[in-house]
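Student: Please see the structure below; I have some questions.
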Amino acid sequence: MGRSDFRWRGLATATLGLAPCLPCASSVARADDPHSAPVGSDALATPESVEKVASYTLSARLDADNQTLHGEGTLIWLNASTVATRELYFHLYLNAFENAQTLFNRSPFTRGRSGHTTRRWGKITLSKLSARELGGVDLLPSLESHTPGDPLDGTDRRLPLPRPVAPGETLTIDLAWDSVLPDIVERTGVSRDFYFFGQWFPKIARLERDGTWAHFPFHPQAEFYADFGDYDVTLDVPEAMVVGATGQRVSDVADNGRRRLRQRAVAVHDFAWTAWPGFERRDERIAGVDVHLLYPPGHGLNAERTLEAVRFALPHFSDRYGTYPYPDLTVVHPPAHAASAGGMEYPTLITTGGPWHQAYWSRAVELVTVHELGHQWFYGLVASNEPRWPFLDEGLNSYAEIVASEAMFGAASAGSLGGLEVSETALHRAGMLLGLHDSPIARPASEFVDFTELGGLVYSRTALLFRTIGNVYGPERLERALRLYTARYRFEHPGPEELLSTLEEVLGADAAANVRGALFQGQGVNYSVRELRSVRRPQPADASSTGAGGARDGLVPPKAAIESRVVLHREGDLRFPVHAVLVTSRGERITRLWDGVGRDEIITHVGSDPVISARVDPNDAILIDENLLDNARRSAPPVPLGTWERGLYAFQLLSGWLAP
Amino acid sequence: MTMDQDTLEGAAPEPRVSALGRNPVRAVAVALLLAYVFRTCTAALATFPLAAAVGASGIQSFPEGDARLFEPGALWLLEVLIRERALLDELAAPIGALLLVGALASIFVDWLLVRALRPMARVSPTDPPPSEPLSREAARTLPGLGLVTLATWIARALLVLATVGVAMTARSYFPSARDERLPLLAAALVTLIGGVGWAGLSVLHDATVIEVIQRGATARQAIASALGALRRKGFHLAARYGLLLVASGIVLAAAAAAVSGLDVARGSGWRTLGAAMAHQLAIGALLVLRAAWLSSAITTLAARPRADAQAEAFL
């Protein structure tokens with residue numbers, strides 16, 4: 001148990017000790033819901049305590065000459081649902097690269113993250129499939145030949161069983177397969193002598209507790225979903241290969257030009273690995289975890305920056321979302337010719353990427369490292385259904401990444417060039433604004449128009465939504481809610497309702513309603529200062545006033561007062577409480593709080609000086625505001641001197657350089 | 001014309017000081033001022049629509065005004081750029097055209113500056129008489145300068161194309177390099193050579209301009225003469241030009257440091273004024289540096305062998 005483990009448990013205990021003092025927190029346990037019990041000091045699940053549903057013992061032999069792989073092994077599968085099942089579903093993801101007609105490849109408008117299609121096809125072919133508890137008969141002839149409803153795709157395969165498998169029953173499934181590796185356009189395959197294996201073995205789909213199978217074909221915009229289990233994988237590769245893989249290295253034996261490495265991983269839901277003779281390697285122990293970094297020659301600075309990011313982010317995420325429970329973490333920086341294998345997460349293994357000179361002029365290496373490391377929590381430990389609810393991992397993780405990167409780098413969290421500091425918040429807002437963003441976020445990855453829309457909504461808008469929630473309802477309270485969520489659903493498979501109920505529990509119904517509206521209905525908001533006016537209002541004369549001579553002179557000349565009116569306006573259906581700041585000509589500042597419920601809020605000020613400027617949301621809390629530029633109004637806006645000055649200088653220089 | 005006994009064989013005699021009584025310092029100052037005004041007016045015309053777009057975006061309604069654009073994080077800068085991107089896209093082409101026209105028109109300004117800097121002496125029969133009216137001299141030399149300018153632009157465009165092509169070829173010589181630095185370093189080396197070539201073209205251009213203005217040569221004569229000068233005095237000219245580049249870099253860096261220290265994101269008018277002063281001082285300094293380089297080049301080119309002068313007369 002490491003230092004960070006104590007710190008996390010202390011935080012969780014202290015937080016929940018304060019919970020009854022907060023008006024919006026509820027720690028009432030519901031007897032029928034195992035997730036409703038408050039998280040206590042010993043409540044964090046550990047890998048050993050996790051129910052293992054799909055455990056694999058595999059061996060794989062890489063034939064580098066032919067760029068093929070032969071694999072075989074055993075899957076021990078538990079029917080952890082409440083319903084008997086007469087079928088199994090297997091993901092054969094590699095078949096996405098079989099030809100140009102698969103679901104992954106057939107549309108020229110949606111080609112995955114890289115935007116390319118393969119030049120060298122790949123596929124996975126099962127040669128053995130039997131279950132010992134079903135008599136050991138060959139089940140391959142029963143395996144349906146294509147994805148249900150899509151005869152041109154072979155990535156989602158149904159296997160009817162000769163008899164039902166009861167709840168709680170285990171099947172021991174023997175399998176063998178051969179793979180032809182495609183060139184790397186989407187994470188997996190071969191590029192020159194570099195290999196990356198993600199989704200490379202026959203993977204059983206997840207059977208939900210209610211007996212429905214979470215099976216799906218491999219869509220170019222979607223990722224993955226599977227059950228937790230133990231993996232024991234032996235890899236047989238050419239001796240010169242440097243290998244990185246999920247889990248912990250158990251043995252590594254060289255013999256007769258080959259190497260056999262054995263990896264073990266406890267309580268994970270996927271296994272990925274890479275092999276390349278060109279890797280350089282650095283090992284470092286960080287926050288009680290053995291970190292292994294593999295990177296190409298010439299990437300020394302990238303390697304150092306990557307480790308700096310891990311040194312910060314590993315304890316940072318452990319403190320916030322629960323101790324990283326595995327003994328190892330492998331970080332892989334692919335070579336430039338295999339860049340499509342980069343920027344991805346697998347349990348205990350992440351891939352980063354970028355050219356060798358990246359770290360000299362940007363923070364992209366650190367940011368991708370932080371992002372992919374964050375996925376160890378949002379996806380790895382809280383194993384949500386990525387194809388069905390991509391925002392649960394990508395959106396929450398993007399929020400977590402922003403918080404981590406701004407803690408590391410401040411306002412220049414995305415980079416600093418020539419004195420211009422750019423934050424990740426600004427970049428995510430730009431990403432949101434540049435696309436259409438009035439659609440629901442909480443929908444399957446396959447339903448987005450393309451990866452650009454998915455990125456703008458699932459990554460950027462979700463991240464900004466949660467930043468807004470934190471800004472409005474308290475960043476500490478949001479962090480507490482997310483700590484509770486990640487603790488409750490650690491090693492589980494939550495959906496949106498689990499997240500929303502946790503948010504409501506800690507932040508209150510209003511916050512949860514805003515999150516639900518933004519996620520499920522595509523709701524938004526735009527606050528603006530609609531009007532700023534001042535009028536001189538003569539006051540009635542006072543008949544009892546005396547003149548300077550002390551005698552009663554008659555009526556005193558009227559003393560005028562100035563009445564200013566500011567109208568704030570809310571468009572959209574989200575409702576956040578916001579502040580407004582009014583400033584008079586004398587510099588007096590008047591602050592008001594608007595609950596944001598009505599469409600308009602009229603603020604009236606009477607005084608001797610007019611209000612000359614008004615601003616709603618002065619602290620830029622509502623980062624999901626549709627237009628920040630209408631959040632203020634002035635009675636006499638000045639000339640943009642700064643723009644003139646900079647523009648003049650820039651064009652003076654440019655015209656000098658253009659002149660021969 | 002008598003020869004000084006100490007004159008080296010083949011070297012042109014020292015130019016006589018003009019009898020016209022001109023004040024060369026005042027002439028240079030006026031030329032520099034005109035160059036500054038010309039450049040500033042061109043830049044102001046280009047800046048106006050951008051400033052109007054920023055002003056219309058709404059950023060001026062905030063108490064800090066457009067100082068928000070310079071706040072750390074760039075949230076507001078990106079907000080304005082995205083909101084106004086359609087307008088900015090439309091403005092890019094006309095502003096670019098304006099700058100190109102301005103660059104071409106700056107030939108006149110360069111002409112004034114070189115005229116102010118040249119030594120007032122006739123060193124060959126082809127040198128223009130010192131008493132030639134300005135308008136006649138302009139009519140005689142400006143067309144040639146225009147041709148030289150266009151030739152320089154074409155040469156630069158060809159140089160860029162060649163550099164890019166060779167750089168890409170150089171990268172392709174390392175298809176299987178495990179060390180990814182090799183392809184980029186090869187391309188960078190080619191680009192560096194291309195950069196040296198760009199500087200060489202700039203020196204050649206300035207030398208040609210000097211020959212056109214000082215000796216009244218045609219464009220072709222001036223190019224030939226400038227090439228000859230580069231063969232003889234290339235190292236000397238390159239060293240001076242290199243000094244110009246280094247000094248210009250220092251000026252720009254100093255201005256950037258000064259403006260950074262002013263922290264204009266804090267929005268007060270005096271900070272913006274200070275930044276404007278720093279920037280305009282930098283522009284002025286760059287113009288002075290260019291004048292110093294041109295003066296040095298004029299002096300270097302003025303001392304050329306008698307054989308060349310006779311060859312030019314023949315041409």
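By convention here, the chains of the structure tokens are called A, B, ... in the order presented, each chain's residues are numbered starting at 1, and ligands are numbered starting at 1 in the order presented.
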Output as a PyMOL selection string the set of chain A residues within 7 Å of chain B, with distances taken over only C-alpha atoms.

Tutor: chain A and resi 278+297-298+356+411-412+421-423+426+430+629-630+632-634+637-640+642-645+647-649+651-652+655+658-660

Student: Write the residues of the selection above to a file with N, CA and C atoms, as a short mmCIF file (atom, residue, chain, number, x, y, z; two decimals), in the first residue's frame.

Tutor:
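File written: again_16.cif
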data_model
loop_
_atom_site.label_atom_id
_atom_site.label_comp_id
_atom_site.auth_asym_id
_atom_site.auth_seq_id
_atom_site.Cartn_x
_atom_site.Cartn_y
_atom_site.Cartn_z
N GLY A 278 13.62 -1.57 -32.74
CA GLY A 278 14.20 -0.24 -32.65
C GLY A 278 13.95 0.49 -31.35
N PRO A 297 14.59 5.81 -31.37
CA PRO A 297 15.86 6.55 -31.27
C PRO A 297 15.65 8.01 -31.67
N GLY A 298 16.37 8.89 -31.01
CA GLY A 298 16.26 10.31 -31.33
C GLY A 298 15.16 11.03 -30.59
N TRP A 356 9.95 13.57 -33.38
CA TRP A 356 11.05 13.64 -32.42
C TRP A 356 11.27 15.06 -31.90
N ALA A 411 -1.78 28.68 -17.19
CA ALA A 411 -2.51 29.20 -18.36
C ALA A 411 -1.93 28.69 -19.66
N ALA A 412 -0.68 28.27 -19.64
CA ALA A 412 -0.04 27.77 -20.86
C ALA A 412 -0.14 26.26 -20.94
N GLU A 421 0.46 32.34 -24.72
CA GLU A 421 0.14 31.16 -23.91
C GLU A 421 -1.27 30.70 -24.26
N VAL A 422 -1.39 29.42 -24.55
CA VAL A 422 -2.69 28.86 -24.92
C VAL A 422 -3.05 27.78 -23.92
N SER A 423 -4.27 27.83 -23.42
CA SER A 423 -4.71 26.84 -22.44
C SER A 423 -5.52 25.75 -23.13
N ALA A 426 -9.10 26.82 -23.61
CA ALA A 426 -9.33 27.62 -24.82
C ALA A 426 -9.39 26.72 -26.05
N ALA A 430 -12.52 26.20 -28.52
CA ALA A 430 -12.41 26.37 -29.97
C ALA A 430 -12.92 25.12 -30.70
N LEU A 629 -18.79 36.69 -26.13
CA LEU A 629 -18.55 38.07 -26.52
C LEU A 629 -19.75 38.98 -26.29
N ASP A 630 -20.93 38.38 -26.03
CA ASP A 630 -22.08 39.23 -25.72
C ASP A 630 -22.35 39.29 -24.22
N ALA A 632 -21.03 41.31 -22.17
CA ALA A 632 -20.76 42.63 -21.60
C ALA A 632 -21.34 43.70 -22.51
N ARG A 633 -21.52 44.85 -21.91
CA ARG A 633 -21.98 46.00 -22.70
C ARG A 633 -21.42 47.25 -22.04
N ARG A 634 -21.03 48.22 -22.87
CA ARG A 634 -20.54 49.51 -22.38
C ARG A 634 -21.28 50.61 -23.09
N PRO A 637 -18.10 52.08 -26.10
CA PRO A 637 -16.93 51.22 -26.29
C PRO A 637 -15.79 51.97 -26.95
N PRO A 638 -14.59 51.86 -26.46
CA PRO A 638 -13.47 52.58 -27.03
C PRO A 638 -12.95 51.89 -28.30
N VAL A 639 -12.02 52.59 -28.94
CA VAL A 639 -11.35 52.03 -30.11
C VAL A 639 -10.43 50.89 -29.65
N PRO A 640 -10.36 49.83 -30.40
CA PRO A 640 -9.48 48.72 -29.99
C PRO A 640 -8.01 49.05 -30.21
N GLY A 642 -5.25 48.20 -28.70
CA GLY A 642 -4.29 47.11 -28.68
C GLY A 642 -4.24 46.39 -30.01
N THR A 643 -5.40 46.16 -30.61
CA THR A 643 -5.45 45.50 -31.91
C THR A 643 -4.80 46.36 -32.98
N TRP A 644 -5.10 47.65 -32.93
CA TRP A 644 -4.47 48.56 -33.89
C TRP A 644 -2.95 48.50 -33.77
N GLU A 645 -2.49 48.56 -32.54
CA GLU A 645 -1.04 48.62 -32.31
C GLU A 645 -0.36 47.35 -32.79
N GLY A 647 -1.57 45.04 -34.83
CA GLY A 647 -1.78 44.85 -36.26
C GLY A 647 -0.85 45.73 -37.08
N LEU A 648 -0.71 46.95 -36.65
CA LEU A 648 0.17 47.89 -37.37
C LEU A 648 1.59 47.35 -37.38
N TYR A 649 2.08 46.92 -36.22
CA TYR A 649 3.45 46.40 -36.12
C TYR A 649 3.63 45.16 -36.99
N PHE A 651 1.98 44.21 -39.65
CA PHE A 651 1.96 44.50 -41.08
C PHE A 651 3.15 45.36 -41.51
N GLN A 652 3.66 46.18 -40.59
CA GLN A 652 4.89 46.90 -40.92
C GLN A 652 6.03 45.91 -41.16
N SER A 655 5.32 43.90 -44.47
CA SER A 655 5.57 44.65 -45.70
C SER A 655 7.06 44.85 -45.92
N LEU A 658 8.24 41.50 -47.32
CA LEU A 658 7.77 41.25 -48.68
C LEU A 658 8.54 42.08 -49.71
N ALA A 659 8.98 43.28 -49.29
CA ALA A 659 9.72 44.13 -50.22
C ALA A 659 11.02 43.44 -50.61
N PRO A 660 11.39 43.54 -51.87
CA PRO A 660 12.59 42.83 -52.33
C PRO A 660 13.85 43.42 -51.72
#

Student: Hey, what's within 12 Å of Leu204 in chain B if we count only C-alpha atoms and toss same-chain stuff fewer than 2 positions away? As a ChimeraX atom specification, please?

Tutor: /A:660 /B:148-149,151-152,155-156,197-202,206-211,222-231,233-234,237-238,241,294,297,301

Student: Give me a file of those residues, with N, CA, C and O atoms, as a short mmCIF file (atom, residue, chain, number, x, y, z; two decimals), in the first residue's frame.

Tutor:
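Final file, selection24.cif:
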data_model
loop_
_atom_site.label_atom_id
_atom_site.label_comp_id
_atom_site.auth_asym_id
_atom_site.auth_seq_id
_atom_site.Cartn_x
_atom_site.Cartn_y
_atom_site.Cartn_z
N PRO A 660 11.39 43.54 -51.87
CA PRO A 660 12.59 42.83 -52.33
C PRO A 660 13.85 43.42 -51.72
O PRO A 660 13.85 44.56 -51.32
N VAL B 148 13.97 44.92 -62.09
CA VAL B 148 14.86 44.23 -61.14
C VAL B 148 14.04 43.62 -60.00
O VAL B 148 14.28 42.47 -59.58
N THR B 149 13.06 44.35 -59.53
CA THR B 149 12.21 43.84 -58.44
C THR B 149 11.45 42.61 -58.87
O THR B 149 11.41 41.59 -58.16
N ALA B 151 12.21 40.61 -61.25
CA ALA B 151 13.16 39.51 -61.44
C ALA B 151 13.55 38.89 -60.11
O ALA B 151 13.69 37.67 -59.99
N THR B 152 13.69 39.73 -59.10
CA THR B 152 14.04 39.21 -57.77
C THR B 152 12.92 38.34 -57.23
O THR B 152 13.16 37.26 -56.67
N ALA B 155 12.96 35.08 -59.03
CA ALA B 155 14.09 34.27 -58.60
C ALA B 155 13.83 33.67 -57.22
O ALA B 155 14.16 32.51 -56.95
N ARG B 156 13.23 34.46 -56.34
CA ARG B 156 12.94 33.95 -55.00
C ARG B 156 11.91 32.82 -55.05
O ARG B 156 12.03 31.83 -54.34
N GLY B 197 20.81 31.03 -49.88
CA GLY B 197 20.51 31.48 -51.24
C GLY B 197 19.59 32.69 -51.26
O GLY B 197 19.75 33.62 -52.05
N TRP B 198 18.58 32.66 -50.36
CA TRP B 198 17.66 33.80 -50.24
C TRP B 198 18.43 35.05 -49.87
O TRP B 198 18.22 36.13 -50.46
N ALA B 199 19.32 34.91 -48.90
CA ALA B 199 20.13 36.07 -48.50
C ALA B 199 20.99 36.53 -49.65
O ALA B 199 21.16 37.75 -49.88
N GLY B 200 21.55 35.59 -50.38
CA GLY B 200 22.36 35.96 -51.54
C GLY B 200 21.56 36.72 -52.59
O GLY B 200 22.03 37.71 -53.16
N LEU B 201 20.34 36.28 -52.82
CA LEU B 201 19.47 37.00 -53.76
C LEU B 201 19.18 38.40 -53.25
O LEU B 201 19.10 39.34 -54.05
N SER B 202 19.02 38.53 -51.94
CA SER B 202 18.75 39.86 -51.38
C SER B 202 19.95 40.78 -51.60
O SER B 202 19.79 41.95 -51.97
N ASP B 206 19.99 44.17 -53.91
CA ASP B 206 20.40 45.50 -53.44
C ASP B 206 21.57 46.02 -54.27
O ASP B 206 21.62 47.22 -54.61
N ALA B 207 22.52 45.15 -54.60
CA ALA B 207 23.65 45.59 -55.43
C ALA B 207 23.17 46.04 -56.81
O ALA B 207 23.66 47.05 -57.36
N THR B 208 22.22 45.32 -57.34
CA THR B 208 21.68 45.68 -58.66
C THR B 208 20.96 47.01 -58.59
O THR B 208 21.11 47.88 -59.48
N VAL B 209 20.19 47.20 -57.56
CA VAL B 209 19.47 48.47 -57.39
C VAL B 209 20.46 49.63 -57.31
O VAL B 209 20.28 50.69 -57.92
N ILE B 210 21.53 49.41 -56.56
CA ILE B 210 22.54 50.45 -56.43
C ILE B 210 23.15 50.77 -57.79
O ILE B 210 23.38 51.94 -58.14
N GLU B 211 23.43 49.74 -58.57
CA GLU B 211 24.01 49.97 -59.89
C GLU B 211 23.04 50.74 -60.79
O GLU B 211 23.45 51.62 -61.55
N ALA B 222 23.01 46.25 -64.96
CA ALA B 222 23.14 46.32 -63.50
C ALA B 222 23.29 44.92 -62.92
O ALA B 222 24.09 44.71 -61.99
N ILE B 223 22.55 43.97 -63.43
CA ILE B 223 22.66 42.60 -62.93
C ILE B 223 24.05 42.07 -63.19
O ILE B 223 24.71 41.47 -62.31
N ALA B 224 24.56 42.31 -64.42
CA ALA B 224 25.91 41.83 -64.75
C ALA B 224 26.94 42.48 -63.84
O ALA B 224 27.87 41.82 -63.34
N SER B 225 26.78 43.77 -63.64
CA SER B 225 27.74 44.47 -62.80
C SER B 225 27.66 43.98 -61.36
O SER B 225 28.70 43.80 -60.68
N ALA B 226 26.45 43.76 -60.89
CA ALA B 226 26.29 43.30 -59.51
C ALA B 226 26.89 41.90 -59.35
O ALA B 226 27.51 41.60 -58.31
N LEU B 227 26.69 41.06 -60.35
CA LEU B 227 27.28 39.73 -60.26
C LEU B 227 28.79 39.82 -60.20
O LEU B 227 29.46 39.09 -59.46
N GLY B 228 29.34 40.73 -61.02
CA GLY B 228 30.77 40.92 -60.98
C GLY B 228 31.24 41.39 -59.62
O GLY B 228 32.27 40.93 -59.09
N ALA B 229 30.48 42.28 -59.04
CA ALA B 229 30.83 42.78 -57.71
C ALA B 229 30.78 41.66 -56.69
O ALA B 229 31.61 41.58 -55.78
N LEU B 230 29.80 40.79 -56.82
CA LEU B 230 29.69 39.68 -55.88
C LEU B 230 30.88 38.74 -56.01
O LEU B 230 31.38 38.20 -55.02
N ARG B 231 31.35 38.58 -57.26
CA ARG B 231 32.51 37.71 -57.44
C ARG B 231 33.73 38.30 -56.74
O ARG B 231 34.53 37.60 -56.13
N LYS B 233 33.74 40.95 -54.39
CA LYS B 233 33.58 41.44 -53.02
C LYS B 233 32.52 40.62 -52.26
O LYS B 233 31.94 41.12 -51.29
N GLY B 234 32.30 39.42 -52.73
CA GLY B 234 31.19 38.65 -52.17
C GLY B 234 31.31 38.44 -50.68
O GLY B 234 30.35 38.61 -49.92
N LEU B 237 30.60 41.70 -48.79
CA LEU B 237 29.17 42.03 -48.79
C LEU B 237 28.39 41.06 -47.91
O LEU B 237 27.47 41.48 -47.18
N ALA B 238 28.74 39.77 -47.99
CA ALA B 238 28.02 38.78 -47.18
C ALA B 238 28.19 39.06 -45.70
O ALA B 238 27.24 38.93 -44.91
N TYR B 241 26.04 41.98 -44.80
CA TYR B 241 24.62 41.60 -44.80
C TYR B 241 24.30 40.73 -43.60
O TYR B 241 23.23 40.84 -42.98
N LEU B 294 22.88 49.59 -46.88
CA LEU B 294 22.92 50.12 -48.24
C LEU B 294 24.12 51.06 -48.41
O LEU B 294 24.80 51.04 -49.45
N ALA B 297 27.13 48.99 -48.77
CA ALA B 297 27.16 48.33 -50.08
C ALA B 297 27.52 49.33 -51.17
O ALA B 297 28.28 49.01 -52.10
N LEU B 301 30.69 48.84 -53.59
CA LEU B 301 30.50 48.71 -55.03
C LEU B 301 31.14 49.86 -55.78
O LEU B 301 31.47 49.72 -56.97
#

Student: Hey, what's within 10 Å of Pro347 in chain A if we count only C-alpha atoms and toss same-chain stuff fewer than 5 positions away? As a PyMOL selection string, please?

Tutor: chain A and resi 245-247+265+267-272+326+329-330+373+375-377+379-381

Student: If you run DSSP on the backbone here, which positions in range 128-325 of chain A get strand (DSSP E)? Please write them as a PyMOL selection string.

Tutor: chain A and resi 128-131+156-165+170-180+189-191+194-197+203-204+206-207+213-214+229-238+242-245+248-255+258-268+273-276+280-286+289-295

Student: Name the residues in contact with Asp138 in chain A at a cut-off of 12 Å, using only C-alpha atoms, excluding same-chain residues fewer than 2 positions from it; report them as a PyMOL selection string.

Tutor: chain A and resi 126-132+134-136+140-143+159+161-162+173-176

Student: If we count only C-alpha atoms and set the cut-off at 8 Å, which residues sit around Ile213 in chain B, ignoring sequence neighbours fewer than 6 positions away in its own chain? Please answer as a VMD selection string.

Tutor: chain B and resid 111 114 to 115 141

Student: Output the selection as a PDB file, in the first residue's frame - all heavy atoms for each residue.

Tutor:
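Everything below was put into again_17.pdb:
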ATOM      1  N   TRP B 111      14.440  53.870 -53.860  1.00  0.00           N
ATOM      2  CA  TRP B 111      15.178  54.723 -54.790  1.00  0.00           C
ATOM      3  C   TRP B 111      15.606  56.018 -54.101  1.00  0.00           C
ATOM      4  O   TRP B 111      16.761  56.439 -54.210  1.00  0.00           O
ATOM      5  CB  TRP B 111      14.294  55.017 -56.008  1.00  0.00           C
ATOM      6  CG  TRP B 111      14.835  56.025 -56.965  1.00  0.00           C
ATOM      7  CD1 TRP B 111      15.925  55.884 -57.765  1.00  0.00           C
ATOM      8  CD2 TRP B 111      14.306  57.313 -57.209  1.00  0.00           C
ATOM      9  NE1 TRP B 111      16.114  57.025 -58.510  1.00  0.00           N
ATOM     10  CE2 TRP B 111      15.132  57.915 -58.194  1.00  0.00           C
ATOM     11  CE3 TRP B 111      13.220  58.029 -56.726  1.00  0.00           C
ATOM     12  CZ2 TRP B 111      14.892  59.208 -58.684  1.00  0.00           C
ATOM     13  CZ3 TRP B 111      12.990  59.308 -57.227  1.00  0.00           C
ATOM     14  CH2 TRP B 111      13.819  59.884 -58.188  1.00  0.00           C
ATOM     15  N   VAL B 114      18.483  55.238 -51.607  1.00  0.00           N
ATOM     16  CA  VAL B 114      19.800  54.989 -52.221  1.00  0.00           C
ATOM     17  C   VAL B 114      20.355  56.282 -52.797  1.00  0.00           C
ATOM     18  O   VAL B 114      21.561  56.558 -52.702  1.00  0.00           O
ATOM     19  CB  VAL B 114      19.684  53.889 -53.304  1.00  0.00           C
ATOM     20  CG1 VAL B 114      20.989  53.755 -54.076  1.00  0.00           C
ATOM     21  CG2 VAL B 114      19.324  52.568 -52.662  1.00  0.00           C
ATOM     22  N   ARG B 115      19.501  57.083 -53.408  1.00  0.00           N
ATOM     23  CA  ARG B 115      19.939  58.378 -53.926  1.00  0.00           C
ATOM     24  C   ARG B 115      20.547  59.216 -52.826  1.00  0.00           C
ATOM     25  O   ARG B 115      21.563  59.881 -53.018  1.00  0.00           O
ATOM     26  CB  ARG B 115      18.764  59.148 -54.542  1.00  0.00           C
ATOM     27  CG  ARG B 115      18.374  58.753 -55.932  1.00  0.00           C
ATOM     28  CD  ARG B 115      17.373  59.732 -56.498  1.00  0.00           C
ATOM     29  NE  ARG B 115      18.000  60.954 -56.983  1.00  0.00           N
ATOM     30  CZ  ARG B 115      17.959  62.125 -56.357  1.00  0.00           C
ATOM     31  NH1 ARG B 115      17.338  62.257 -55.205  1.00  0.00           N
ATOM     32  NH2 ARG B 115      18.534  63.188 -56.888  1.00  0.00           N
ATOM     33  N   THR B 141      15.229  55.746 -64.147  1.00  0.00           N
ATOM     34  CA  THR B 141      15.660  54.608 -63.327  1.00  0.00           C
ATOM     35  C   THR B 141      14.528  53.741 -62.798  1.00  0.00           C
ATOM     36  O   THR B 141      14.702  52.535 -62.601  1.00  0.00           O
ATOM     37  CB  THR B 141      16.488  55.099 -62.128  1.00  0.00           C
ATOM     38  OG1 THR B 141      15.720  56.048 -61.397  1.00  0.00           O
ATOM     39  CG2 THR B 141      17.774  55.726 -62.590  1.00  0.00           C
TER      40      THR B 141
END

Student: Within 6 Å of Leu261 in chain A, counting only C-alpha atoms, which residues show up once you throw out same-chain ones fewer than 4 positions away? Write them as a PDB file with C-alpha atoms, in the first residue's frame, please.

Tutor:
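selection31.pdb, freshly written:
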ATOM      1  CA  THR A 234       2.988 -15.906 -23.619  1.00  0.00           C
ATOM      2  CA  LEU A 235       4.485 -14.132 -26.615  1.00  0.00           C
ATOM      3  CA  SER A 251       9.535 -14.407 -17.598  1.00  0.00           C
ATOM      4  CA  ASP A 252      11.670 -13.556 -20.596  1.00  0.00           C
TER       5      ASP A 252
END

Student: Using only C-alpha atoms, determine which residues lie at most 10 Å from Arg589 in chain A, disregarding the query and same-chain residues fewer than 5 positions distant; provide the list as an MDAnalysis selection string.

Tutor: chainID A and resid 581:584 611 613:614

Student: Can I get the selected residues back with C-alpha atoms, as a PDB file, in the first residue's frame?

Tutor:
ATOM      1  CA  VAL A 581     -21.176  43.307 -12.275  1.00  0.00           C
ATOM      2  CA  LEU A 582     -22.213  46.884 -12.992  1.00  0.00           C
ATOM      3  CA  VAL A 583     -19.714  49.744 -12.978  1.00  0.00           C
ATOM      4  CA  THR A 584     -20.645  53.405 -12.701  1.00  0.00           C
ATOM      5  CA  VAL A 611     -23.779  52.757 -15.015  1.00  0.00           C
ATOM      6  CA  SER A 613     -20.607  49.036 -18.158  1.00  0.00           C
ATOM      7  CA  ALA A 614     -22.325  45.806 -17.281  1.00  0.00           C
TER       8      ALA A 614
END
